[in-house]
>>> print(open('start24.pdb').read())   # PDB, C-alpha atoms
ATOM      1  CA  MET Q   1      17.242   0.738 -19.501
ATOM      2  CA  GLY Q   2      15.225  -2.441 -19.267
ATOM      3  CA  ASP Q   3      15.352  -4.497 -16.110
ATOM      4  CA  ALA Q   4      17.999  -2.309 -14.472
ATOM      5  CA  GLY Q   5      15.717   0.702 -14.892
ATOM      6  CA  LEU Q   6      12.795  -1.188 -13.359
ATOM      7  CA  LEU Q   7      14.962  -2.175 -10.407
ATOM      8  CA  LEU Q   8      16.020   1.422  -9.783
ATOM      9  CA  SER Q   9      12.430   2.607 -10.130
ATOM     10  CA  GLY Q  10      11.472   0.039  -7.507
ATOM     11  CA  ALA Q  11      14.067   1.442  -5.122
ATOM     12  CA  THR Q  12      12.846   4.997  -5.727
ATOM     13  CA  LEU Q  13       9.194   4.133  -5.190
ATOM     14  CA  PHE Q  14      10.129   2.160  -2.070
ATOM     15  CA  LEU Q  15      11.877   5.199  -0.592
ATOM     16  CA  ASN Q  16       8.988   7.463  -1.577
ATOM     17  CA  SER Q  17       6.546   5.126   0.162
ATOM     18  CA  LEU Q  18       8.638   5.227   3.338
ATOM     19  CA  MET Q  19       8.652   9.019   3.197
ATOM     20  CA  LEU Q  20       4.856   9.115   2.827
ATOM     21  CA  LEU Q  21       4.549   6.743   5.783
ATOM     22  CA  GLY Q  22       6.691   9.080   7.873
ATOM     23  CA  LYS Q  23       9.683   6.729   8.027
ATOM     24  CA  ALA Q  24      12.192   8.670   5.886
ATOM     25  CA  ASN Q  25      13.271  12.301   5.631
ATOM     26  CA  ALA Q  26      11.847  14.109   2.586
ATOM     27  CA  LYS Q  27      15.050  15.888   1.509
ATOM     28  CA  SER Q  28      17.060  12.715   1.901
ATOM     29  CA  VAL Q  29      14.612  10.865  -0.356
ATOM     30  CA  ALA Q  30      14.650  13.812  -2.778
ATOM     31  CA  VAL Q  31      18.308  13.169  -3.595
ATOM     32  CA  PHE Q  32      17.610   9.640  -4.818
ATOM     33  CA  ASN Q  33      14.613  10.852  -6.835
ATOM     34  CA  LEU Q  34      16.788  13.428  -8.576
ATOM     35  CA  PHE Q  35      19.524  10.914  -9.340
ATOM     36  CA  ILE Q  36      17.232   8.222 -10.749
ATOM     37  CA  GLY Q  37      15.022  10.776 -12.476
ATOM     38  CA  ALA Q  38      18.021  12.220 -14.321
ATOM     39  CA  LEU Q  39      19.091   8.743 -15.447
ATOM     40  CA  GLN Q  40      15.587   7.911 -16.665
ATOM     41  CA  VAL Q  41      15.444  11.071 -18.748
ATOM     42  CA  ILE Q  42      18.959  11.083 -20.230
ATOM     43  CA  VAL Q  43      19.214   7.370 -21.063
ATOM     44  CA  PRO Q  44      15.894   7.105 -23.007
ATOM     45  CA  PHE Q  45      16.878  10.103 -25.142
ATOM     46  CA  TYR Q  46      20.068   8.283 -26.096
ATOM     47  CA  LEU Q  47      18.331   4.931 -26.671
ATOM     48  CA  ILE Q  48      15.713   6.568 -28.908
ATOM     49  CA  ALA Q  49      18.413   8.401 -30.876
ATOM     50  CA  VAL Q  50      20.311   5.171 -31.641
ATOM     51  CA  SER Q  51      17.223   2.974 -32.069
ATOM     52  CA  ASP Q  52      15.754   1.664 -35.316
ATOM     53  CA  GLN Q  53      13.081   4.415 -35.030
ATOM     54  CA  ASN Q  54      10.312   1.848 -35.277
ATOM     55  CA  ASN Q  55       7.179   3.356 -33.778
ATOM     56  CA  TRP Q  56       6.776   0.564 -31.221
ATOM     57  CA  THR Q  57      10.418   0.864 -30.167
ATOM     58  CA  VAL Q  58      10.010   4.593 -29.560
ATOM     59  CA  TYR Q  59       6.636   3.982 -27.905
ATOM     60  CA  SER Q  60       8.210   1.581 -25.416
ATOM     61  CA  LEU Q  61      11.206   3.799 -24.644
ATOM     62  CA  ALA Q  62       9.024   6.895 -24.292
ATOM     63  CA  SER Q  63       7.239   5.298 -21.349
ATOM     64  CA  ILE Q  64      10.454   5.638 -19.328
ATOM     65  CA  PHE Q  65      10.103   9.423 -19.511
ATOM     66  CA  LEU Q  66       6.861   9.193 -17.532
ATOM     67  CA  PHE Q  67       8.832   7.810 -14.600
ATOM     68  CA  GLY Q  68      11.941   9.933 -15.136
ATOM     69  CA  PHE Q  69      10.170  13.271 -15.143
ATOM     70  CA  THR Q  70       7.959  12.188 -12.230
ATOM     71  CA  TYR Q  71      11.012  11.394 -10.115
ATOM     72  CA  LEU Q  72      12.730  14.649 -11.139
ATOM     73  CA  TYR Q  73       9.587  16.628 -10.345
ATOM     74  CA  VAL Q  74       9.162  14.870  -6.979
ATOM     75  CA  GLY Q  75      12.829  15.381  -6.147
ATOM     76  CA  LEU Q  76      12.800  19.095  -6.928
ATOM     77  CA  THR Q  77       9.470  19.627  -5.140
ATOM     78  CA  LEU Q  78      10.786  17.962  -1.986
ATOM     79  CA  TRP Q  79      14.249  19.519  -2.137
ATOM     80  CA  LYS Q  80      13.035  23.076  -2.699
ATOM     81  CA  ASP Q  81       9.843  22.672  -0.638
ATOM     82  CA  LEU Q  82       7.757  23.771  -3.621
ATOM     83  CA  ASP Q  83       3.999  23.894  -3.877
ATOM     84  CA  GLY Q  84       2.951  20.462  -5.149
ATOM     85  CA  SER Q  85      -0.023  21.491  -7.274
ATOM     86  CA  GLY Q  86       1.977  21.454 -10.512
ATOM     87  CA  LEU Q  87       3.238  17.967  -9.763
ATOM     88  CA  GLY Q  88      -0.322  16.928  -8.948
ATOM     89  CA  TRP Q  89      -1.723  18.071 -12.292
ATOM     90  CA  TYR Q  90       1.231  16.507 -14.114
ATOM     91  CA  SER Q  91       0.428  13.254 -12.301
ATOM     92  CA  LEU Q  92      -3.143  13.389 -13.617
ATOM     93  CA  TRP Q  93      -1.815  13.750 -17.172
ATOM     94  CA  VAL Q  94       0.489  10.770 -16.651
ATOM     95  CA  ALA Q  95      -2.355   8.738 -15.114
ATOM     96  CA  VAL Q  96      -4.376   9.210 -18.314
ATOM     97  CA  LEU Q  97      -1.409   8.097 -20.431
ATOM     98  CA  ALA Q  98      -0.893   5.094 -18.162
ATOM     99  CA  VAL Q  99      -4.479   3.970 -18.797
ATOM    100  CA  ILE Q 100      -3.803   4.240 -22.542
ATOM    101  CA  TYR Q 101      -0.615   2.199 -22.153
ATOM    102  CA  ALA Q 102      -2.632  -0.418 -20.244
ATOM    103  CA  ALA Q 103      -5.180  -0.614 -23.063
ATOM    104  CA  VAL Q 104      -2.450  -1.004 -25.690
ATOM    105  CA  GLU Q 105      -0.725  -3.733 -23.671
ATOM    106  CA  TYR Q 106      -3.989  -5.660 -23.432
ATOM    107  CA  VAL Q 107      -5.374  -5.088 -26.944
ATOM    108  CA  HIS Q 108      -2.263  -4.904 -29.118
ATOM    109  CA  PHE Q 109       0.290  -6.997 -27.221
ATOM    110  CA  GLU Q 110      -2.228  -9.281 -25.444
ATOM    111  CA  ASP Q 111      -0.196  -8.944 -22.233
ATOM    112  CA  ILE Q 112      -2.566  -9.054 -19.271
ATOM    113  CA  ILE Q 113       0.195  -8.684 -16.661
ATOM    114  CA  SER Q 114       1.585  -5.514 -18.239
ATOM    115  CA  ALA Q 115      -1.951  -4.162 -18.624
ATOM    116  CA  LEU Q 116      -2.682  -4.749 -14.918
ATOM    117  CA  THR Q 117       0.674  -3.210 -14.010
ATOM    118  CA  TRP Q 118      -0.027  -0.060 -16.005
ATOM    119  CA  LEU Q 119      -3.453   0.201 -14.371
ATOM    120  CA  MET Q 120      -1.808   0.038 -10.944
ATOM    121  CA  TRP Q 121       0.621   2.771 -11.926
ATOM    122  CA  ALA Q 122      -2.262   4.852 -13.289
ATOM    123  CA  TYR Q 123      -4.006   4.519  -9.933
ATOM    124  CA  LEU Q 124      -0.888   5.631  -8.049
ATOM    125  CA  TRP Q 125      -0.387   8.684 -10.268
ATOM    126  CA  PHE Q 126      -4.068   9.531  -9.805
ATOM    127  CA  LEU Q 127      -3.586   9.373  -6.037
ATOM    128  CA  PHE Q 128      -0.703  11.850  -6.323
ATOM    129  CA  PHE Q 129      -3.076  14.124  -8.223
ATOM    130  CA  LEU Q 130      -5.661  13.882  -5.440
ATOM    131  CA  SER Q 131      -3.040  14.583  -2.785
ATOM    132  CA  MET Q 132      -1.129  17.422  -4.418
ATOM    133  CA  ALA Q 133      -3.627  19.152  -6.695
ATOM    134  CA  MET Q 134      -6.834  18.453  -4.751
ATOM    135  CA  ASN Q 135      -5.210  18.706  -1.283
ATOM    136  CA  LYS Q 136      -6.593  15.376  -0.049
ATOM    137  CA  LYS Q 137      -4.934  14.268   3.191
ATOM    138  CA  ILE Q 138      -4.142  10.719   2.093
ATOM    139  CA  ASP Q 139      -0.344  10.499   2.366
ATOM    140  CA  VAL Q 140      -0.363   7.378   4.554
ATOM    141  CA  TYR Q 141      -2.830   5.684   2.215
ATOM    142  CA  ILE Q 142      -0.644   6.550  -0.799
ATOM    143  CA  GLY Q 143       2.386   5.262   1.091
ATOM    144  CA  LYS Q 144       0.743   1.856   1.523
ATOM    145  CA  VAL Q 145      -0.212   1.665  -2.162
ATOM    146  CA  ALA Q 146       3.277   2.774  -3.225
ATOM    147  CA  MET Q 147       4.928   0.220  -0.934
ATOM    148  CA  VAL Q 148       3.006  -2.658  -2.522
ATOM    149  CA  GLN Q 149       3.655  -1.402  -6.031
ATOM    150  CA  SER Q 150       7.366  -0.841  -5.429
ATOM    151  CA  TRP Q 151       7.777  -4.582  -4.935
ATOM    152  CA  LEU Q 152       4.967  -6.070  -7.038
ATOM    153  CA  THR Q 153       5.296  -3.982 -10.203
ATOM    154  CA  LEU Q 154       8.982  -3.041 -10.220
ATOM    155  CA  THR Q 155      11.496  -4.681  -7.886
ATOM    156  CA  LEU Q 156      10.442  -8.339  -8.000
ATOM    157  CA  PRO Q 157       9.606  -8.406 -11.757
ATOM    158  CA  ALA Q 158      13.015  -6.853 -12.465
ATOM    159  CA  LEU Q 159      14.807  -9.424 -10.307
ATOM    160  CA  LEU Q 160      12.859 -12.309 -11.852
ATOM    161  CA  SER Q 161      13.632 -11.036 -15.332
ATOM    162  CA  LEU Q 162      17.324 -10.588 -14.559
ATOM    163  CA  THR Q 163      17.465 -14.191 -13.367
ATOM    164  CA  GLY Q 164      15.602 -15.472 -16.444
ATOM    165  CA  LEU Q 165      12.477 -16.539 -14.558
ATOM    166  CA  TRP Q 166      10.012 -13.830 -15.578
ATOM    167  CA  ASN Q 167       8.884 -15.235 -18.932
ATOM    168  CA  THR Q 168       7.615 -18.552 -17.618
ATOM    169  CA  ASP Q 169       4.013 -19.745 -17.471
ATOM    170  CA  GLN Q 170       4.205 -20.371 -13.732
ATOM    171  CA  VAL Q 171       5.368 -16.854 -12.952
ATOM    172  CA  ALA Q 172       2.898 -15.312 -15.408
ATOM    173  CA  ASN Q 173      -0.022 -17.116 -13.799
ATOM    174  CA  ALA Q 174       1.148 -16.295 -10.289
ATOM    175  CA  TRP Q 175       1.679 -12.621 -11.111
ATOM    176  CA  THR Q 176      -1.811 -12.294 -12.564
ATOM    177  CA  TYR Q 177      -3.258 -13.490  -9.262
ATOM    178  CA  PHE Q 178      -0.854 -11.297  -7.263
ATOM    179  CA  SER Q 179      -1.953  -8.263  -9.281
ATOM    180  CA  ILE Q 180      -5.638  -9.010  -8.710
ATOM    181  CA  ALA Q 181      -4.917  -9.509  -4.998
ATOM    182  CA  ALA Q 182      -3.227  -6.089  -4.933
ATOM    183  CA  PHE Q 183      -6.343  -4.450  -6.363
ATOM    184  CA  VAL Q 184      -8.426  -6.198  -3.693
ATOM    185  CA  TYR Q 185      -6.051  -4.869  -1.031
ATOM    186  CA  PHE Q 186      -6.299  -1.347  -2.451
ATOM    187  CA  ALA Q 187     -10.104  -1.613  -2.315
ATOM    188  CA  TYR Q 188      -9.914  -2.826   1.297
ATOM    189  CA  ILE Q 189      -7.722   0.033   2.516
ATOM    190  CA  THR Q 190      -9.888   2.471   0.553
ATOM    191  CA  LEU Q 191     -12.944   1.306   2.496
ATOM    192  CA  LYS Q 192     -11.017   1.652   5.759
ATOM    193  CA  LEU Q 193      -9.991   5.175   4.800
ATOM    194  CA  LYS Q 194     -13.584   6.147   3.963
ATOM    195  CA  LYS Q 195     -14.873   4.732   7.252
ATOM    196  CA  ALA Q 196     -12.197   6.598   9.194
ATOM    197  CA  SER Q 197     -13.052   9.829   7.354
ATOM    198  CA  ALA Q 198     -16.755   9.323   8.080
ATOM    199  CA  ARG Q 199     -16.059   8.873  11.803
ATOM    200  CA  THR Q 200     -13.900  11.992  11.845
ATOM    201  CA  GLU Q 201     -16.609  14.057  10.167
ATOM    202  CA  LYS Q 202     -19.231  12.671  12.556
ATOM    203  CA  PHE Q 203     -17.355  13.756  15.680
ATOM    204  CA  ALA Q 204     -15.933  16.980  14.230
TER     205      ALA Q 204
END
>>> encode(input="start24.pdb", output="structure tokens")
Amino acid sequence: MGDAGLLLSGATLFLNSLMLLGKANAKSVAVFNLFIGALQVIVPFYLIAVSDQNNWTVYSLASIFLFGFTYLYVGLTLWKDLDGSGLGWYSLWVAVLAVIYAAVEYVHFEDIISALTWLMWAYLWFLFFLSMAMNKKIDVYIGKVAMVQSWLTLTLPALLSLTGLWNTDQVANAWTYFSIAAFVYFAYITLKLKKASARTEKFA
């Protein structure tokens, strides 16, 4: 699916972040998750079937399933108002795989931007695990993280790639710094969340 798939993933994550921030209706967002999730499951199966079957080709295409099944699972959970614990544990499994993908990007492909991107995705999936499997009340926090990632890791890279600007030294350097800045922001809002939780516990 390439850049088009990244763009659609960006739209889905953007809508999910708005839902978590209380700005969009859950069932309305569920519809888009189901639509994009179905595409990102069906299309990779076809692309793998007609591919050269090289292990790295299949490895790359298989990563799309991580997103596709996540969106399908989110969509069904929201639409049917299901218990989210299954989705939470699935998210932990995907978070582990995302860390492995990050390591491969850095060690094998020597791609620091992709490695940082996979680490950000791993963090987001881990947050879904904490929220849905561990029942942590951090939806607003996750919404902020998801909002940043929807633009930084999906939408803007897809647009830059579609316009032929992604694979340039200037963009690569800038995106490395943007990714590091995102991690700093995540650390900052994490500290704010911990301080707020501490105050709540103190006056409870």
>>> atom_distance(input="start24.pdb", atom1="atom CA of Q:Leu152", atom2="atom CA of Q:Asp139")
19.8 Å
>>> axis_aligned_box(input="start24.pdb", around="stretch 100-110 of chain Q", padding_each_side="8 Å", output="AutoDock Vina command-line options")
--center_x -2.5 --center_y -2.5 --center_z -24.7 --size_x 21.7 --size_y 29.5 --size_z 24.9
>>> resolve_selection(input="start24.pdb", expression="the PyMOL selection byres ((chain Q and resi 10-22) around 8)", output="ChimeraX atom specification")
/Q:6-9,23-26,29,32-33,36,71,139-140,142-147,149-151,153-155
>>> write_last_selection(input="start24.pdb", atoms="C-alpha atoms", output="PDB file, in the coordinates of the input")
ATOM      1  CA  LEU Q   6      12.795  -1.188 -13.359  1.00  0.00           C
ATOM      2  CA  LEU Q   7      14.962  -2.175 -10.407  1.00  0.00           C
ATOM      3  CA  LEU Q   8      16.020   1.422  -9.783  1.00  0.00           C
ATOM      4  CA  SER Q   9      12.430   2.607 -10.130  1.00  0.00           C
ATOM      5  CA  LYS Q  23       9.683   6.729   8.027  1.00  0.00           C
ATOM      6  CA  ALA Q  24      12.192   8.670   5.886  1.00  0.00           C
ATOM      7  CA  ASN Q  25      13.271  12.301   5.631  1.00  0.00           C
ATOM      8  CA  ALA Q  26      11.847  14.109   2.586  1.00  0.00           C
ATOM      9  CA  VAL Q  29      14.612  10.865  -0.356  1.00  0.00           C
ATOM     10  CA  PHE Q  32      17.610   9.640  -4.818  1.00  0.00           C
ATOM     11  CA  ASN Q  33      14.613  10.852  -6.835  1.00  0.00           C
ATOM     12  CA  ILE Q  36      17.232   8.222 -10.749  1.00  0.00           C
ATOM     13  CA  TYR Q  71      11.012  11.394 -10.115  1.00  0.00           C
ATOM     14  CA  ASP Q 139      -0.344  10.499   2.366  1.00  0.00           C
ATOM     15  CA  VAL Q 140      -0.363   7.378   4.554  1.00  0.00           C
ATOM     16  CA  ILE Q 142      -0.644   6.550  -0.799  1.00  0.00           C
ATOM     17  CA  GLY Q 143       2.386   5.262   1.091  1.00  0.00           C
ATOM     18  CA  LYS Q 144       0.743   1.856   1.523  1.00  0.00           C
ATOM     19  CA  VAL Q 145      -0.212   1.665  -2.162  1.00  0.00           C
ATOM     20  CA  ALA Q 146       3.277   2.774  -3.225  1.00  0.00           C
ATOM     21  CA  MET Q 147       4.928   0.220  -0.934  1.00  0.00           C
ATOM     22  CA  GLN Q 149       3.655  -1.402  -6.031  1.00  0.00           C
ATOM     23  CA  SER Q 150       7.366  -0.841  -5.429  1.00  0.00           C
ATOM     24  CA  TRP Q 151       7.777  -4.582  -4.935  1.00  0.00           C
ATOM     25  CA  THR Q 153       5.296  -3.982 -10.203  1.00  0.00           C
ATOM     26  CA  LEU Q 154       8.982  -3.041 -10.220  1.00  0.00           C
ATOM     27  CA  THR Q 155      11.496  -4.681  -7.886  1.00  0.00           C
TER      28      THR Q 155
END
>>> closest_residue(input="start24.pdb", among="Q:Gly37, Q:Pro157, Q:Pro44, Q:Gly2", to="Q:Val74", atoms="all atoms listed in the file")
Q:Gly37
>>> resolve_selection(input="start24.pdb", expression="the PyMOL selection byres ((chain Q and resi 181-197) around 10)", output="ChimeraX atom specification")
/Q:116,119-120,123,138,140-142,144-145,148-149,152,175-180,198-202
>>> residues_near_point(input="start24.pdb", point="(15.1, 7.9, -23.4)", cutoff="10 Å", atoms="all atoms listed in the file", output="ChimeraX atom specification")
/Q:1,39-49,58,60-65,68
>>> residues_around(input="start24.pdb", residues="Q:Thr77", least_positions_apart="6", cutoff="12 Å", atoms="only C-alpha atoms", output="list in words")
Ala26, Lys27, Val29, Ala30, Val31, Asn33, Leu34, Phe69, Thr70, Tyr71, Asp83, Gly84, Ser85, Gly86, Leu87, Gly88 and Met132 of chain Q
>>> write_last_selection(input="start24.pdb", atoms="C-alpha atoms", output="PDB file, in the coordinates of the input")
ATOM      1  CA  ALA Q  26      11.847  14.109   2.586  1.00  0.00           C
ATOM      2  CA  LYS Q  27      15.050  15.888   1.509  1.00  0.00           C
ATOM      3  CA  VAL Q  29      14.612  10.865  -0.356  1.00  0.00           C
ATOM      4  CA  ALA Q  30      14.650  13.812  -2.778  1.00  0.00           C
ATOM      5  CA  VAL Q  31      18.308  13.169  -3.595  1.00  0.00           C
ATOM      6  CA  ASN Q  33      14.613  10.852  -6.835  1.00  0.00           C
ATOM      7  CA  LEU Q  34      16.788  13.428  -8.576  1.00  0.00           C
ATOM      8  CA  PHE Q  69      10.170  13.271 -15.143  1.00  0.00           C
ATOM      9  CA  THR Q  70       7.959  12.188 -12.230  1.00  0.00           C
ATOM     10  CA  TYR Q  71      11.012  11.394 -10.115  1.00  0.00           C
ATOM     11  CA  ASP Q  83       3.999  23.894  -3.877  1.00  0.00           C
ATOM     12  CA  GLY Q  84       2.951  20.462  -5.149  1.00  0.00           C
ATOM     13  CA  SER Q  85      -0.023  21.491  -7.274  1.00  0.00           C
ATOM     14  CA  GLY Q  86       1.977  21.454 -10.512  1.00  0.00           C
ATOM     15  CA  LEU Q  87       3.238  17.967  -9.763  1.00  0.00           C
ATOM     16  CA  GLY Q  88      -0.322  16.928  -8.948  1.00  0.00           C
ATOM     17  CA  MET Q 132      -1.129  17.422  -4.418  1.00  0.00           C
TER      18      MET Q 132
END
>>> closest_residue(input="start24.pdb", among="Q:Leu92, Q:Gln170, Q:Ala133, Q:Tyr73", to="Q:Phe35", atoms="all atoms listed in the file")
Q:Tyr73
>>> atom_distance(input="start24.pdb", atom1="atom CA of Q:Leu127", atom2="atom CA of Q:Tyr106")
23.0 Å
>>> atom_distance(input="start24.pdb", atom1="atom CA of Q:Ala38", atom2="atom CA of Q:Phe67")
10.2 Å
>>> closest_residue(input="start24.pdb", among="Q:Leu165, Q:Ala174, Q:Ala4, Q:Val99", to="Q:Leu124", atoms="all atoms listed in the file")
Q:Val99
>>> resolve_selection(input="start24.pdb", expression="the PyMOL selection byres ((chain Q and resi 98) around 9)", output="VMD selection string")
chain Q and resid 63 66 93 to 97 99 to 103 118 to 123 125
>>> closest_residue(input="start24.pdb", among="Q:Ser91, Q:Asn54, Q:Ser114, Q:Ser161", to="Q:Phe128", atoms="all atoms listed in the file")
Q:Ser91
